[in-house]
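Colleague: First, the structure itself, so that you have it in front of you.
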Amino acid sequence: MTQTIVVTGANRGIGYAVAQALVAGEAAASRRIVLLCRDAAAGERARTSLAQQGHAEVLAVSGALDSRRGIEQAAQALDAACPTLDVLIHNAGSWPQRRVLNEDGLEQAFVVNHLAPFLLNRRLERKLSACRARVVQVSAGLYVKGKPDLQRSPRGDDFSALSTYATTKLYNLALLPLFAERFGPLGVTINALHPGVIRTGLGARDDALGLLLALVKRLWKAPRHAAPPVLRLALDPALADVTGRYYDGTRELPLAAIARDRAQAEALWQQAEQLTGLSTR
Ligand SMILES: NC(=O)c1ccc[n+]([C@@H]2O[C@H](COP(=O)([O-])OP(=O)(O)OC[C@H]3O[C@@H](n4cnc5c(N)ncnc54)[C@H](OP(=O)(O)O)[C@@H]3O)[C@@H](O)[C@H]2O)c1
């Protein structure tokens, strides 16, 4: 039976490496890989290249995850492109170097890293449940540096490049236990991982610090090293019933206390419902 696997942010970096690993090998012949990419042309380039690398069917769907409207459209496009949905890999991520507000007046990293996976999970929930799917969140070990402030984060009033990235990754991770509880009765699992320190375009900047960062990044691992732990959470039969866990690569770690504050997670959930319009329906 064909397995449908969605990878967000699949046109470059870790997402592309994950897609490359998914199209490789004999098992790929029974996979349908759906690349969700912000830029249609970049998505099509990735699709063409991946289709030549293996036997999987590869589709590209375009969708920008930095506004409520964009996320809703992406959810609709994925729903249409995926009659079934076995694995949803939230990989797209943003590490902006300055405060950028979207059309809803919300800060970019807050939307891409936190609200987008939240709303996609909710919009695709029925389909995920029908397939007893797995959801994988590509998180970041830097979440422990997050400085949660539910009043100021949505609009980036407390913006600082490092701590905003860390905080928005923390928000995403703080909802993991709540999603695991909600998804459990639906037969859906959800797990998160830190993929390692990987040489990609994440956090790139065009100043002197950017040049220095580019030099340092040469020492970091290539994106292909991040793919195996992601594929493990997505496909390993031994993890079929495992849910609500966080891994550093393949090593399970307890969530740090900052991500286990239940009252804060519930407040975040409620806020995300309000900001995405879910609570008004
Ligand atoms: N690299 C690391 O060392 C590292 C460490 C820990 C965690 N991570 C996490 O790994 C994930 C992948 O990051 P990466 O290192 O591969 O970064 P990357 O090379 O910068 O790739 C990011 C991907 O996300 C997409 N994306 C960004 N903003 C988007 C938006 N508004 N709408 C739709 N797609 C958007 C990008 O699309 P465009 O090409 O259109 O920009 C790109 O495909 C992220 O969640 C990141 O937080 C990375």
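Chain identifiers are assigned as A, B, and so on, following the order in which chains appear in the structure tokens; residues are numbered from 1 within each chain, and ligands are numbered from 1 in order of appearance.
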Distance limit 6 Å, reference ligand 1, atoms considered: only C-alpha atoms and all ligand atoms. Which residues make the cut? Give them as an MDAnalysis selection string.

Modeller: chainID A and resid 9:15 37:39 64:66 91:94 112 138:140 194:202

Colleague: Assign secondary structure with DSSP using the backbone only, and return the residues of stretch 19-256 of chain A in helix (DSSP H, G or I) as a ChimeraX atom specification.

Modeller: /A:19-23,26-30,40-53,68-81,108-123,125-130,141-145,161-174,176-186,208-217,223-235,237-239

Colleague: Taking into account only C-alpha atoms, which residue in the set A:Leu231, A:Leu278, A:Ala263, A:Ala24 is nearest to A:His55?

Modeller: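 Between A:Leu231, A:Leu278, A:Ala263, A:Ala24, the residue approaching A:His55 most closely is A:Ala24.
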
Colleague: Identify which of the residues A:Tyr143, A:Tyr247, A:Phe159, A:Tyr165 lies closest to A:Ile190, counting only C-alpha atoms when measuring atom-to-atom distances.

Modeller: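 Under the stated criterion, the closest residue is A:Tyr247.
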
Colleague: Could you pull out the residues in stretch 29-233 of chain A that DSSP calls strand (DSSP E) from the backbone, as a list in words?

Modeller: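 DSSP on the backbone gives strand (DSSP E) at Arg31, Arg32, Ile33, Val34, Leu35, Leu36, Cys37, Glu57, Val58, Leu59, Ala60, Val61, Ser62, Val87, Leu88, Ile89, His90, Arg134, Val135, Val136, Gln137, Val138, Thr189, Ile190, Asn191, Ala192, Leu193 and His194 of chain A.
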
Colleague: Can you pull out every residue within 12 Å of A:Pro154, counting only C-alpha atoms, but drop anything in the same chain fewer than 6 positions away, and send it as a PDB file with all heavy atoms, in the first residue's frame?

Modeller:
```
ATOM      1  N   ARG A  99      12.964  41.826  13.435  1.00  0.00           N
ATOM      2  CA  ARG A  99      11.525  41.663  13.671  1.00  0.00           C
ATOM      3  C   ARG A  99      10.772  41.962  12.373  1.00  0.00           C
ATOM      4  O   ARG A  99      10.869  43.066  11.842  1.00  0.00           O
ATOM      5  CB  ARG A  99      11.097  42.635  14.769  1.00  0.00           C
ATOM      6  CG  ARG A  99       9.641  42.634  15.099  1.00  0.00           C
ATOM      7  CD  ARG A  99       9.416  43.611  16.246  1.00  0.00           C
ATOM      8  NE  ARG A  99       8.041  43.648  16.676  1.00  0.00           N
ATOM      9  CZ  ARG A  99       7.272  44.747  16.604  1.00  0.00           C
ATOM     10  NH1 ARG A  99       7.759  45.873  16.105  1.00  0.00           N
ATOM     11  NH2 ARG A  99       6.025  44.703  17.044  1.00  0.00           N
ATOM     12  N   VAL A 100      10.050  40.968  11.896  1.00  0.00           N
ATOM     13  CA  VAL A 100       9.226  41.138  10.697  1.00  0.00           C
ATOM     14  C   VAL A 100       7.802  40.757  11.079  1.00  0.00           C
ATOM     15  O   VAL A 100       7.575  39.665  11.620  1.00  0.00           O
ATOM     16  CB  VAL A 100       9.713  40.219   9.544  1.00  0.00           C
ATOM     17  CG1 VAL A 100       8.797  40.327   8.332  1.00  0.00           C
ATOM     18  CG2 VAL A 100      11.147  40.550   9.162  1.00  0.00           C
ATOM     19  N   LEU A 101       6.863  41.675  10.816  1.00  0.00           N
ATOM     20  CA  LEU A 101       5.469  41.376  11.131  1.00  0.00           C
ATOM     21  C   LEU A 101       4.729  40.968   9.860  1.00  0.00           C
ATOM     22  O   LEU A 101       4.982  41.523   8.786  1.00  0.00           O
ATOM     23  CB  LEU A 101       4.787  42.591  11.758  1.00  0.00           C
ATOM     24  CG  LEU A 101       5.409  43.113  13.062  1.00  0.00           C
ATOM     25  CD1 LEU A 101       4.569  44.253  13.638  1.00  0.00           C
ATOM     26  CD2 LEU A 101       5.545  42.001  14.102  1.00  0.00           C
ATOM     27  N   ASN A 102       3.815  40.042   9.980  1.00  0.00           N
ATOM     28  CA  ASN A 102       3.074  39.600   8.802  1.00  0.00           C
ATOM     29  C   ASN A 102       1.781  40.405   8.648  1.00  0.00           C
ATOM     30  O   ASN A 102       1.526  41.353   9.400  1.00  0.00           O
ATOM     31  CB  ASN A 102       2.808  38.082   8.863  1.00  0.00           C
ATOM     32  CG  ASN A 102       1.760  37.729   9.923  1.00  0.00           C
ATOM     33  OD1 ASN A 102       1.189  38.605  10.574  1.00  0.00           O
ATOM     34  ND2 ASN A 102       1.507  36.445  10.081  1.00  0.00           N
ATOM     35  N   ASP A 104      -1.053  39.762   9.522  1.00  0.00           N
ATOM     36  CA  ASP A 104      -1.917  39.705  10.725  1.00  0.00           C
ATOM     37  C   ASP A 104      -1.299  40.502  11.872  1.00  0.00           C
ATOM     38  O   ASP A 104      -1.817  40.487  12.988  1.00  0.00           O
ATOM     39  CB  ASP A 104      -2.089  38.250  11.194  1.00  0.00           C
ATOM     40  CG  ASP A 104      -2.454  37.302  10.052  1.00  0.00           C
ATOM     41  OD1 ASP A 104      -3.380  37.645   9.293  1.00  0.00           O
ATOM     42  OD2 ASP A 104      -1.808  36.240   9.913  1.00  0.00           O
ATOM     43  N   GLY A 105      -0.134  41.117  11.626  1.00  0.00           N
ATOM     44  CA  GLY A 105       0.556  41.853  12.686  1.00  0.00           C
ATOM     45  C   GLY A 105       1.320  40.940  13.625  1.00  0.00           C
ATOM     46  O   GLY A 105       1.690  41.337  14.730  1.00  0.00           O
ATOM     47  N   LEU A 106       1.587  39.707  13.189  1.00  0.00           N
ATOM     48  CA  LEU A 106       2.288  38.739  14.044  1.00  0.00           C
ATOM     49  C   LEU A 106       3.721  38.540  13.567  1.00  0.00           C
ATOM     50  O   LEU A 106       4.010  38.614  12.363  1.00  0.00           O
ATOM     51  CB  LEU A 106       1.543  37.399  14.042  1.00  0.00           C
ATOM     52  CG  LEU A 106       0.113  37.445  14.585  1.00  0.00           C
ATOM     53  CD1 LEU A 106      -0.572  36.091  14.444  1.00  0.00           C
ATOM     54  CD2 LEU A 106       0.098  37.896  16.041  1.00  0.00           C
ATOM     55  N   GLU A 107       4.593  38.240  14.535  1.00  0.00           N
ATOM     56  CA  GLU A 107       6.025  38.098  14.254  1.00  0.00           C
ATOM     57  C   GLU A 107       6.292  36.795  13.485  1.00  0.00           C
ATOM     58  O   GLU A 107       5.706  35.743  13.769  1.00  0.00           O
ATOM     59  CB  GLU A 107       6.788  38.146  15.595  1.00  0.00           C
ATOM     60  CG  GLU A 107       8.276  38.290  15.467  1.00  0.00           C
ATOM     61  CD  GLU A 107       8.998  36.977  15.232  1.00  0.00           C
ATOM     62  OE1 GLU A 107       8.539  35.950  15.770  1.00  0.00           O
ATOM     63  OE2 GLU A 107       9.986  36.965  14.469  1.00  0.00           O
ATOM     64  N   GLN A 108       7.204  36.883  12.542  1.00  0.00           N
ATOM     65  CA  GLN A 108       7.446  35.795  11.575  1.00  0.00           C
ATOM     66  C   GLN A 108       7.790  34.438  12.211  1.00  0.00           C
ATOM     67  O   GLN A 108       7.175  33.420  11.880  1.00  0.00           O
ATOM     68  CB  GLN A 108       8.588  36.238  10.665  1.00  0.00           C
ATOM     69  CG  GLN A 108       8.953  35.281   9.576  1.00  0.00           C
ATOM     70  CD  GLN A 108      10.081  35.853   8.709  1.00  0.00           C
ATOM     71  OE1 GLN A 108      10.166  37.070   8.513  1.00  0.00           O
ATOM     72  NE2 GLN A 108      10.932  34.996   8.202  1.00  0.00           N
ATOM     73  N   ALA A 109       8.766  34.403  13.119  1.00  0.00           N
ATOM     74  CA  ALA A 109       9.175  33.109  13.692  1.00  0.00           C
ATOM     75  C   ALA A 109       8.055  32.523  14.551  1.00  0.00           C
ATOM     76  O   ALA A 109       7.850  31.302  14.578  1.00  0.00           O
ATOM     77  CB  ALA A 109      10.443  33.272  14.531  1.00  0.00           C
ATOM     78  N   PHE A 110       7.318  33.394  15.231  1.00  0.00           N
ATOM     79  CA  PHE A 110       6.200  32.944  16.057  1.00  0.00           C
ATOM     80  C   PHE A 110       5.179  32.199  15.183  1.00  0.00           C
ATOM     81  O   PHE A 110       4.635  31.166  15.581  1.00  0.00           O
ATOM     82  CB  PHE A 110       5.549  34.170  16.730  1.00  0.00           C
ATOM     83  CG  PHE A 110       4.400  33.844  17.639  1.00  0.00           C
ATOM     84  CD1 PHE A 110       4.624  33.445  18.951  1.00  0.00           C
ATOM     85  CD2 PHE A 110       3.088  33.937  17.193  1.00  0.00           C
ATOM     86  CE1 PHE A 110       3.558  33.139  19.800  1.00  0.00           C
ATOM     87  CE2 PHE A 110       2.025  33.651  18.030  1.00  0.00           C
ATOM     88  CZ  PHE A 110       2.264  33.241  19.337  1.00  0.00           C
ATOM     89  N   VAL A 111       4.968  32.726  13.987  1.00  0.00           N
ATOM     90  CA  VAL A 111       3.969  32.117  13.098  1.00  0.00           C
ATOM     91  C   VAL A 111       4.522  30.833  12.453  1.00  0.00           C
ATOM     92  O   VAL A 111       3.893  29.775  12.520  1.00  0.00           O
ATOM     93  CB  VAL A 111       3.534  33.132  12.003  1.00  0.00           C
ATOM     94  CG1 VAL A 111       2.513  32.491  11.068  1.00  0.00           C
ATOM     95  CG2 VAL A 111       2.949  34.370  12.655  1.00  0.00           C
ATOM     96  N   VAL A 112       5.727  30.923  11.873  1.00  0.00           N
ATOM     97  CA  VAL A 112       6.252  29.767  11.119  1.00  0.00           C
ATOM     98  C   VAL A 112       6.574  28.592  12.064  1.00  0.00           C
ATOM     99  O   VAL A 112       6.239  27.435  11.775  1.00  0.00           O
ATOM    100  CB  VAL A 112       7.517  30.159  10.320  1.00  0.00           C
ATOM    101  CG1 VAL A 112       8.080  28.946   9.576  1.00  0.00           C
ATOM    102  CG2 VAL A 112       7.207  31.280   9.341  1.00  0.00           C
ATOM    103  N   ASN A 113       7.215  28.903  13.189  1.00  0.00           N
ATOM    104  CA  ASN A 113       7.700  27.822  14.061  1.00  0.00           C
ATOM    105  C   ASN A 113       6.638  27.287  15.012  1.00  0.00           C
ATOM    106  O   ASN A 113       6.741  26.144  15.468  1.00  0.00           O
ATOM    107  CB  ASN A 113       8.898  28.320  14.898  1.00  0.00           C
ATOM    108  CG  ASN A 113      10.069  28.738  14.021  1.00  0.00           C
ATOM    109  OD1 ASN A 113      10.145  28.372  12.858  1.00  0.00           O
ATOM    110  ND2 ASN A 113      10.978  29.528  14.577  1.00  0.00           N
ATOM    111  N   HIS A 114       5.661  28.108  15.320  1.00  0.00           N
ATOM    112  CA  HIS A 114       4.691  27.716  16.351  1.00  0.00           C
ATOM    113  C   HIS A 114       3.254  27.614  15.807  1.00  0.00           C
ATOM    114  O   HIS A 114       2.646  26.546  15.855  1.00  0.00           O
ATOM    115  CB  HIS A 114       4.794  28.731  17.502  1.00  0.00           C
ATOM    116  CG  HIS A 114       3.698  28.681  18.498  1.00  0.00           C
ATOM    117  ND1 HIS A 114       3.285  27.517  19.120  1.00  0.00           N
ATOM    118  CD2 HIS A 114       2.901  29.672  19.013  1.00  0.00           C
ATOM    119  CE1 HIS A 114       2.298  27.792  19.965  1.00  0.00           C
ATOM    120  NE2 HIS A 114       2.040  29.076  19.911  1.00  0.00           N
ATOM    121  N   LEU A 115       2.735  28.708  15.245  1.00  0.00           N
ATOM    122  CA  LEU A 115       1.327  28.666  14.812  1.00  0.00           C
ATOM    123  C   LEU A 115       1.117  27.749  13.606  1.00  0.00           C
ATOM    124  O   LEU A 115       0.068  27.093  13.501  1.00  0.00           O
ATOM    125  CB  LEU A 115       0.818  30.069  14.473  1.00  0.00           C
ATOM    126  CG  LEU A 115       0.636  31.050  15.635  1.00  0.00           C
ATOM    127  CD1 LEU A 115      -0.034  32.326  15.132  1.00  0.00           C
ATOM    128  CD2 LEU A 115      -0.186  30.452  16.780  1.00  0.00           C
ATOM    129  N   PRO A 148       9.759  32.562  27.536  1.00  0.00           N
ATOM    130  CA  PRO A 148       8.340  32.685  27.213  1.00  0.00           C
ATOM    131  C   PRO A 148       7.722  33.965  27.767  1.00  0.00           C
ATOM    132  O   PRO A 148       7.956  34.320  28.910  1.00  0.00           O
ATOM    133  CB  PRO A 148       7.715  31.436  27.861  1.00  0.00           C
ATOM    134  CG  PRO A 148       8.746  30.882  28.781  1.00  0.00           C
ATOM    135  CD  PRO A 148      10.067  31.368  28.345  1.00  0.00           C
ATOM    136  N   THR A 164      14.178  34.902  20.292  1.00  0.00           N
ATOM    137  CA  THR A 164      12.881  34.720  19.616  1.00  0.00           C
ATOM    138  C   THR A 164      12.839  33.348  18.936  1.00  0.00           C
ATOM    139  O   THR A 164      11.833  32.632  19.016  1.00  0.00           O
ATOM    140  CB  THR A 164      12.637  35.857  18.602  1.00  0.00           C
ATOM    141  OG1 THR A 164      12.477  37.063  19.339  1.00  0.00           O
ATOM    142  CG2 THR A 164      11.400  35.611  17.757  1.00  0.00           C
ATOM    143  N   THR A 167      12.525  30.798  21.726  1.00  0.00           N
ATOM    144  CA  THR A 167      11.208  30.866  22.376  1.00  0.00           C
ATOM    145  C   THR A 167      10.122  30.255  21.490  1.00  0.00           C
ATOM    146  O   THR A 167       9.251  29.524  21.975  1.00  0.00           O
ATOM    147  CB  THR A 167      10.860  32.335  22.716  1.00  0.00           C
ATOM    148  OG1 THR A 167      11.889  32.862  23.543  1.00  0.00           O
ATOM    149  CG2 THR A 167       9.527  32.434  23.425  1.00  0.00           C
ATOM    150  N   THR A 168      10.198  30.535  20.188  1.00  0.00           N
ATOM    151  CA  THR A 168       9.142  30.006  19.316  1.00  0.00           C
ATOM    152  C   THR A 168       9.286  28.491  19.164  1.00  0.00           C
ATOM    153  O   THR A 168       8.299  27.768  19.049  1.00  0.00           O
ATOM    154  CB  THR A 168       9.140  30.701  17.940  1.00  0.00           C
ATOM    155  OG1 THR A 168      10.451  30.598  17.348  1.00  0.00           O
ATOM    156  CG2 THR A 168       8.777  32.170  18.077  1.00  0.00           C
ATOM    157  N   TYR A 171       7.712  27.147  22.335  1.00  0.00           N
ATOM    158  CA  TYR A 171       6.248  27.128  22.269  1.00  0.00           C
ATOM    159  C   TYR A 171       5.768  25.890  21.507  1.00  0.00           C
ATOM    160  O   TYR A 171       4.838  25.198  21.916  1.00  0.00           O
ATOM    161  CB  TYR A 171       5.712  28.389  21.582  1.00  0.00           C
ATOM    162  CG  TYR A 171       5.897  29.675  22.353  1.00  0.00           C
ATOM    163  CD1 TYR A 171       5.866  30.913  21.708  1.00  0.00           C
ATOM    164  CD2 TYR A 171       6.086  29.676  23.729  1.00  0.00           C
ATOM    165  CE1 TYR A 171       6.020  32.102  22.403  1.00  0.00           C
ATOM    166  CE2 TYR A 171       6.245  30.873  24.437  1.00  0.00           C
ATOM    167  CZ  TYR A 171       6.213  32.076  23.758  1.00  0.00           C
ATOM    168  OH  TYR A 171       6.363  33.247  24.451  1.00  0.00           O
ATOM    169  N   LEU A 268      -0.909  28.684  26.026  1.00  0.00           N
ATOM    170  CA  LEU A 268      -0.399  28.771  24.659  1.00  0.00           C
ATOM    171  C   LEU A 268      -1.390  28.172  23.665  1.00  0.00           C
ATOM    172  O   LEU A 268      -1.606  28.693  22.566  1.00  0.00           O
ATOM    173  CB  LEU A 268       0.909  27.985  24.540  1.00  0.00           C
ATOM    174  CG  LEU A 268       2.209  28.711  24.850  1.00  0.00           C
ATOM    175  CD1 LEU A 268       3.344  27.705  24.939  1.00  0.00           C
ATOM    176  CD2 LEU A 268       2.502  29.751  23.773  1.00  0.00           C
ATOM    177  N   GLN A 271      -4.268  30.523  23.258  1.00  0.00           N
ATOM    178  CA  GLN A 271      -3.838  31.684  22.472  1.00  0.00           C
ATOM    179  C   GLN A 271      -3.716  31.316  20.984  1.00  0.00           C
ATOM    180  O   GLN A 271      -4.139  32.063  20.105  1.00  0.00           O
ATOM    181  CB  GLN A 271      -2.495  32.183  22.995  1.00  0.00           C
ATOM    182  CG  GLN A 271      -2.001  33.418  22.283  1.00  0.00           C
ATOM    183  CD  GLN A 271      -0.602  33.792  22.744  1.00  0.00           C
ATOM    184  OE1 GLN A 271       0.338  33.017  22.620  1.00  0.00           O
ATOM    185  NE2 GLN A 271      -0.463  34.990  23.276  1.00  0.00           N
ATOM    186  N   ALA A 272      -3.137  30.131  20.724  1.00  0.00           N
ATOM    187  CA  ALA A 272      -2.972  29.700  19.331  1.00  0.00           C
ATOM    188  C   ALA A 272      -4.349  29.506  18.682  1.00  0.00           C
ATOM    189  O   ALA A 272      -4.545  29.841  17.506  1.00  0.00           O
ATOM    190  CB  ALA A 272      -2.151  28.409  19.271  1.00  0.00           C
ATOM    191  N   GLN A 274      -7.021  31.156  19.426  1.00  0.00           N
ATOM    192  CA  GLN A 274      -7.575  32.490  19.158  1.00  0.00           C
ATOM    193  C   GLN A 274      -6.898  33.123  17.944  1.00  0.00           C
ATOM    194  O   GLN A 274      -7.563  33.637  17.049  1.00  0.00           O
ATOM    195  CB  GLN A 274      -7.374  33.400  20.372  1.00  0.00           C
ATOM    196  CG  GLN A 274      -8.420  33.177  21.443  1.00  0.00           C
ATOM    197  CD  GLN A 274      -7.983  33.707  22.800  1.00  0.00           C
ATOM    198  OE1 GLN A 274      -6.942  34.354  22.924  1.00  0.00           O
ATOM    199  NE2 GLN A 274      -8.766  33.415  23.819  1.00  0.00           N
ATOM    200  N   LEU A 275      -5.575  33.046  17.909  1.00  0.00           N
ATOM    201  CA  LEU A 275      -4.837  33.726  16.838  1.00  0.00           C
ATOM    202  C   LEU A 275      -5.057  33.078  15.477  1.00  0.00           C
ATOM    203  O   LEU A 275      -4.907  33.726  14.444  1.00  0.00           O
ATOM    204  CB  LEU A 275      -3.335  33.746  17.161  1.00  0.00           C
ATOM    205  CG  LEU A 275      -2.934  34.614  18.355  1.00  0.00           C
ATOM    206  CD1 LEU A 275      -1.464  34.432  18.695  1.00  0.00           C
ATOM    207  CD2 LEU A 275      -3.229  36.089  18.070  1.00  0.00           C
ATOM    208  N   THR A 276      -5.393  31.793  15.468  1.00  0.00           N
ATOM    209  CA  THR A 276      -5.624  31.122  14.183  1.00  0.00           C
ATOM    210  C   THR A 276      -7.112  31.077  13.828  1.00  0.00           C
ATOM    211  O   THR A 276      -7.479  30.547  12.784  1.00  0.00           O
ATOM    212  CB  THR A 276      -5.087  29.670  14.214  1.00  0.00           C
ATOM    213  OG1 THR A 276      -5.687  28.984  15.310  1.00  0.00           O
ATOM    214  CG2 THR A 276      -3.580  29.642  14.343  1.00  0.00           C
TER     215      THR A 276
END
```

Colleague: Using Å and a single decimal, report how far atom CA of A:Gln97 sits from atom CA of A:Ala204.

Modeller: 8.0 Å

Colleague: Between atom CA of A:Thr243 and atom CA of A:Thr189, measure the distance and give it in Å to one decimal.

Modeller: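 That distance, rounded to one decimal, is 4.9 Å.
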